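Q: For reference, this is coords18.txt, and it has compact mmCIF, C-alpha atoms and all ligand atoms.
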```
# COMPACT_ATOMS: atom_id res chain seq x y z
CA MET Z 1 0.00 0.00 0.00
CA PRO Z 2 1.42 3.44 -0.89
CA VAL Z 3 2.41 5.70 1.99
CA LEU Z 4 1.47 9.38 2.10
CA THR Z 5 4.16 12.01 2.55
CA PRO Z 6 3.80 14.24 5.64
CA ALA Z 7 2.49 17.05 3.36
CA GLN Z 8 -0.11 14.70 1.83
CA GLN Z 9 -1.12 13.48 5.31
CA GLN Z 10 -1.56 17.10 6.36
CA ARG Z 11 -3.82 17.82 3.36
CA GLN Z 12 -5.91 14.75 4.19
CA ALA Z 13 -6.33 15.97 7.78
CA VAL Z 14 -7.34 19.46 6.60
CA ARG Z 15 -9.97 18.02 4.24
CA LEU Z 16 -11.38 15.61 6.83
CA ALA Z 17 -11.64 18.43 9.36
CA GLN Z 18 -14.12 20.12 6.96
CA ALA Z 19 -16.49 17.15 7.19
CA VAL Z 20 -19.33 16.72 9.66
CA PRO Z 21 -18.07 14.52 12.52
CA GLY Z 22 -20.17 11.47 11.57
CA LEU Z 23 -18.81 11.43 8.04
CA ALA Z 24 -15.19 11.90 9.12
CA ALA Z 25 -15.61 9.08 11.66
CA ALA Z 26 -17.13 6.75 9.04
CA TYR Z 27 -14.31 7.52 6.62
CA LEU Z 28 -11.59 6.88 9.21
CA HIS Z 29 -13.28 3.63 10.24
CA ALA Z 30 -13.52 2.45 6.62
CA LEU Z 31 -9.93 3.51 5.96
CA GLY Z 32 -8.78 1.49 8.97
CA ARG Z 33 -10.67 -1.57 7.77
CA TRP Z 34 -9.20 -1.17 4.27
CA ALA Z 35 -5.63 -0.75 5.53
CA GLY Z 36 -6.05 -3.74 7.83
CA ASP Z 37 -7.26 -6.05 5.05
CA PRO Z 38 -4.38 -7.99 3.46
CA VAL Z 39 -6.11 -8.10 0.06
CA LEU Z 40 -7.63 -4.61 -0.12
CA ARG Z 41 -4.46 -2.85 0.99
CA LEU Z 42 -2.64 -4.23 -2.05
CA LEU Z 43 -5.13 -2.50 -4.39
CA GLY Z 44 -4.29 1.06 -3.35
CA LEU Z 45 -4.76 3.61 -0.61
CA PRO Z 46 -8.07 5.51 -0.27
CA ILE Z 47 -7.62 9.30 -0.22
CA VAL Z 48 -10.06 12.20 0.20
CA THR Z 49 -9.76 14.28 -2.97
CA GLU Z 50 -12.33 16.91 -2.00
CA CYS Z 51 -14.53 17.70 0.96
CA TYR Z 52 -15.62 21.34 1.28
CA ARG Z 53 -15.91 23.08 -2.09
CA SER Z 54 -16.45 26.82 -2.39
CA PRO Z 55 -19.50 28.03 -4.37
CA GLU Z 56 -17.06 29.65 -6.85
CA ARG Z 57 -15.33 26.31 -7.45
CA GLN Z 58 -18.75 24.63 -7.78
CA ASP Z 59 -19.76 27.15 -10.46
CA GLU Z 60 -16.48 26.48 -12.28
CA LEU Z 61 -17.13 22.70 -12.20
CA TYR Z 62 -20.67 23.29 -13.49
CA THR Z 63 -19.20 24.72 -16.72
CA HIS Z 64 -17.47 21.36 -17.45
CA GLY Z 65 -19.32 19.67 -20.29
CA ARG Z 66 -21.45 22.78 -20.84
CA THR Z 67 -19.55 25.93 -21.76
CA ALA Z 68 -16.15 24.30 -21.01
CA PRO Z 69 -14.79 21.10 -22.61
CA GLY Z 70 -14.91 17.63 -21.03
CA PRO Z 71 -17.66 15.51 -19.53
CA VAL Z 72 -20.37 16.83 -17.21
CA VAL Z 73 -19.14 16.30 -13.65
CA THR Z 74 -21.97 17.87 -11.67
CA TYR Z 75 -25.59 18.94 -11.95
CA LYS Z 76 -25.28 21.40 -9.06
CA ARG Z 77 -24.46 25.11 -9.30
CA GLY Z 78 -22.58 27.04 -6.64
CA GLY Z 79 -24.41 26.82 -3.31
CA GLU Z 80 -26.59 23.86 -4.40
CA SER Z 81 -24.15 21.04 -3.62
CA ASN Z 82 -23.76 19.45 -0.22
CA HIS Z 83 -20.02 20.05 -0.75
CA ASN Z 84 -20.73 23.80 -0.47
CA ARG Z 85 -21.81 23.57 3.19
CA LEU Z 86 -19.34 23.89 6.06
CA PRO Z 87 -18.92 21.59 7.86
CA THR Z 88 -19.72 19.53 4.83
CA PRO Z 89 -21.77 16.30 4.81
CA ALA Z 90 -20.03 15.22 1.56
CA LEU Z 91 -16.62 13.97 0.54
CA ASP Z 92 -15.06 12.51 -2.58
CA VAL Z 93 -12.69 9.54 -2.56
CA ALA Z 94 -10.07 8.21 -4.96
CA PHE Z 95 -7.19 5.74 -4.61
CA LEU Z 96 -3.46 6.32 -4.61
CA LEU Z 97 -1.85 3.39 -6.42
CA ALA Z 98 1.56 1.86 -5.88
CA ASP Z 99 2.95 3.58 -8.99
CA GLY Z 100 1.96 7.01 -7.63
CA SER Z 101 -1.03 7.48 -9.94
CA VAL Z 102 -4.57 8.24 -8.75
CA SER Z 103 -7.46 5.91 -9.65
CA TRP Z 104 -11.23 6.45 -9.67
CA SER Z 105 -11.87 2.75 -10.37
CA GLY Z 106 -15.54 1.93 -9.94
CA LEU Z 107 -14.57 -1.50 -8.61
CA LEU Z 108 -12.34 -0.05 -5.89
CA LEU Z 109 -14.93 2.59 -5.04
CA SER Z 110 -17.68 -0.03 -4.71
CA LYS Z 111 -15.48 -2.06 -2.35
CA PHE Z 112 -14.79 1.06 -0.28
CA ALA Z 113 -18.49 1.99 -0.32
CA ARG Z 114 -19.30 -1.31 1.37
CA LEU Z 115 -16.94 -0.41 4.24
CA MET Z 116 -18.32 3.14 4.48
CA LYS Z 117 -21.91 1.92 4.71
CA ALA Z 118 -20.91 -0.72 7.27
CA ALA Z 119 -19.20 1.98 9.35
CA ASP Z 120 -22.31 4.16 9.51
CA ALA Z 121 -25.76 3.28 8.15
CA ARG Z 122 -26.42 6.99 7.46
CA VAL Z 123 -23.75 7.01 4.72
CA HIS Z 124 -25.10 7.37 1.18
CA TRP Z 125 -22.90 6.44 -1.78
CA GLY Z 126 -23.20 8.34 -5.06
CA GLY Z 127 -22.70 5.04 -6.90
CA ASP Z 128 -26.13 3.93 -5.65
CA TRP Z 129 -27.92 6.90 -7.18
CA PRO Z 130 -30.39 5.83 -9.89
CA GLU Z 131 -29.44 8.30 -12.62
CA PHE Z 132 -26.17 10.25 -12.44
CA LYS Z 133 -23.77 7.79 -10.76
CA ASP Z 134 -21.22 9.78 -8.77
CA ARG Z 135 -19.03 6.90 -7.57
CA PRO Z 136 -16.32 8.97 -5.80
CA HIS Z 137 -19.01 10.70 -3.73
CA PHE Z 138 -20.11 9.86 -0.18
CA GLU Z 139 -22.43 11.83 2.05
CA VAL Z 140 -24.14 11.65 5.40
CA LEU Z 141 -27.51 13.34 5.66
CA SER Z 142 -28.97 13.90 9.10
ZN ZN L 201 -18.94 14.69 -4.26
```
Mind converting the file's structure to structure tokens?
Ligand SMILES: [Zn+2]
A:
Amino acid sequence: MPVLTPAQQQRQAVRLAQAVPGLAAAYLHALGRWAGDPVLRLLGLPIVTECYRSPERQDELYTHGRTAPGPVVTYKRGGESNHNRLPTPALDVAFLLADGSVSWSGLLLSKFARLMKAADARVHWGGDWPEFKDRPHFEVLS
């Protein structure tokens, strides 16, 4: 399993501190289960890529696939996403692989989603949504 540099660890801590306590706790629990599993740990290391997102950044993302090139990545404008609240009930996950690259593998995310939902039954996974599947996305709604 890849190891984070101290600077990367610091960024992870900053992002997790933006999350509502229940979500941060569920993530840390799932991360611990993943790291403690001899098979899963070989696949990569879960990382939080985004937690709080400013309304300005949300508006910028909204242009993707509309007025800017690339695929549509969100249907929410600035202020409409759960990522725009602070503390935020939403976080996005990817995987750091052994070769240093970052993966958004749907298979890895579905395995991690199982651990997140087991950690806290209030966790919703974007991969379970019926229409726009947002597999990196997890949220806790109270
Ligand atoms: Zn998200």
Q: Z:Leu43, Z:Asp128, Z:Cys51, Z:Thr5: which is nearest Z:Ser105, counting all atoms listed in the file?
A: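 That would be Z:Leu43, the residue with the smallest distance to Z:Ser105.
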Q: Leaving out stretch 12-24 of chain Z and any residue of its chain fewer than 6 positions from it, which residues lie within 9 Å of it when counting all atoms listed in the file, given as a PyMOL selection string?
A: chain Z and resi 47-52+86-91+120+122-123+138-140
Q: Find the spatial neighbours of Z:Arg41, counting only C-alpha atoms, within a cut-off of 12 Å - ignore same-chain residues fewer than 3 positions away - and output them as number ranges by chain.
A: Z: 1-3, 30-38, 44-46, 95-98, 108, 111-112
Q: Grab the atom CA of Z:Leu42 to atom CA of Z:Trp129 distance for me, in Å with one decimal place.
A: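 A separation of 28.1 Å between them.
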Q: At what distance in Å, to one decimal, does atom CA of Z:Leu107 lie from atom CA of Z:Arg66?
A: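 About the pair atom CA of Z:Arg66 and atom CA of Z:Leu107: they are 28.0 Å apart.
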Q: List as a list of chain:residue names the residues having at least one atom at most 7 Å from position (-15.8, 3.8, 9.8) as given in the file, counting only C-alpha atoms.
A: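 Output of the proximity query reads Z:Ala25, Z:Ala26, Z:Tyr27, Z:Leu28, Z:His29, Z:Ala30, Z:Met116, Z:Ala119, Z:Asp120.
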Q: Work out how far atom CA of Z:Pro136 is from atom CA of Z:Val93, in Å to one decimal.
A: 4.9 Å
Q: N, CA, C and O atoms for stretch 74-85 of chain Z, written as a PDB file, in the coordinates of the input, could you do that?
A:
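Produced file part_17.pdb, reproduced below:
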```pdb
ATOM      1  N   THR Z  74     -21.006  17.561 -12.732  1.00  0.00           N
ATOM      2  CA  THR Z  74     -21.970  17.870 -11.670  1.00  0.00           C
ATOM      3  C   THR Z  74     -23.229  18.485 -12.272  1.00  0.00           C
ATOM      4  O   THR Z  74     -23.193  19.071 -13.358  1.00  0.00           O
ATOM      5  N   TYR Z  75     -24.338  18.309 -11.559  1.00  0.00           N
ATOM      6  CA  TYR Z  75     -25.590  18.940 -11.950  1.00  0.00           C
ATOM      7  C   TYR Z  75     -25.942  20.075 -10.988  1.00  0.00           C
ATOM      8  O   TYR Z  75     -27.036  20.632 -11.058  1.00  0.00           O
ATOM      9  N   LYS Z  76     -25.008  20.392 -10.084  1.00  0.00           N
ATOM     10  CA  LYS Z  76     -25.280  21.400  -9.060  1.00  0.00           C
ATOM     11  C   LYS Z  76     -24.466  22.667  -9.331  1.00  0.00           C
ATOM     12  O   LYS Z  76     -23.273  22.601  -9.607  1.00  0.00           O
ATOM     13  N   ARG Z  77     -25.151  23.818  -9.208  1.00  0.00           N
ATOM     14  CA  ARG Z  77     -24.460  25.110  -9.300  1.00  0.00           C
ATOM     15  C   ARG Z  77     -23.946  25.509  -7.919  1.00  0.00           C
ATOM     16  O   ARG Z  77     -24.299  24.876  -6.918  1.00  0.00           O
ATOM     17  N   GLY Z  78     -23.132  26.561  -7.901  1.00  0.00           N
ATOM     18  CA  GLY Z  78     -22.580  27.040  -6.640  1.00  0.00           C
ATOM     19  C   GLY Z  78     -23.655  27.261  -5.587  1.00  0.00           C
ATOM     20  O   GLY Z  78     -24.658  27.908  -5.865  1.00  0.00           O
ATOM     21  N   GLY Z  79     -23.456  26.685  -4.394  1.00  0.00           N
ATOM     22  CA  GLY Z  79     -24.410  26.820  -3.310  1.00  0.00           C
ATOM     23  C   GLY Z  79     -25.427  25.698  -3.257  1.00  0.00           C
ATOM     24  O   GLY Z  79     -26.069  25.496  -2.227  1.00  0.00           O
ATOM     25  N   GLU Z  80     -25.564  24.919  -4.360  1.00  0.00           N
ATOM     26  CA  GLU Z  80     -26.590  23.860  -4.400  1.00  0.00           C
ATOM     27  C   GLU Z  80     -26.060  22.508  -3.928  1.00  0.00           C
ATOM     28  O   GLU Z  80     -26.843  21.616  -3.612  1.00  0.00           O
ATOM     29  N   SER Z  81     -24.726  22.346  -3.944  1.00  0.00           N
ATOM     30  CA  SER Z  81     -24.150  21.040  -3.620  1.00  0.00           C
ATOM     31  C   SER Z  81     -23.945  20.906  -2.121  1.00  0.00           C
ATOM     32  O   SER Z  81     -23.638  21.883  -1.425  1.00  0.00           O
ATOM     33  N   ASN Z  82     -24.073  19.684  -1.623  1.00  0.00           N
ATOM     34  CA  ASN Z  82     -23.760  19.450  -0.220  1.00  0.00           C
ATOM     35  C   ASN Z  82     -22.292  19.733   0.081  1.00  0.00           C
ATOM     36  O   ASN Z  82     -21.927  19.969   1.228  1.00  0.00           O
ATOM     37  N   HIS Z  83     -21.440  19.696  -0.940  1.00  0.00           N
ATOM     38  CA  HIS Z  83     -20.020  20.050  -0.750  1.00  0.00           C
ATOM     39  C   HIS Z  83     -19.853  21.528  -0.401  1.00  0.00           C
ATOM     40  O   HIS Z  83     -18.802  21.933   0.069  1.00  0.00           O
ATOM     41  N   ASN Z  84     -20.861  22.355  -0.673  1.00  0.00           N
ATOM     42  CA  ASN Z  84     -20.730  23.800  -0.470  1.00  0.00           C
ATOM     43  C   ASN Z  84     -21.066  24.216   0.958  1.00  0.00           C
ATOM     44  O   ASN Z  84     -20.986  25.398   1.287  1.00  0.00           O
ATOM     45  N   ARG Z  85     -21.493  23.258   1.792  1.00  0.00           N
ATOM     46  CA  ARG Z  85     -21.810  23.570   3.190  1.00  0.00           C
ATOM     47  C   ARG Z  85     -20.563  23.319   4.047  1.00  0.00           C
ATOM     48  O   ARG Z  85     -19.726  22.495   3.712  1.00  0.00           O
TER      49      ARG Z  85
END
```
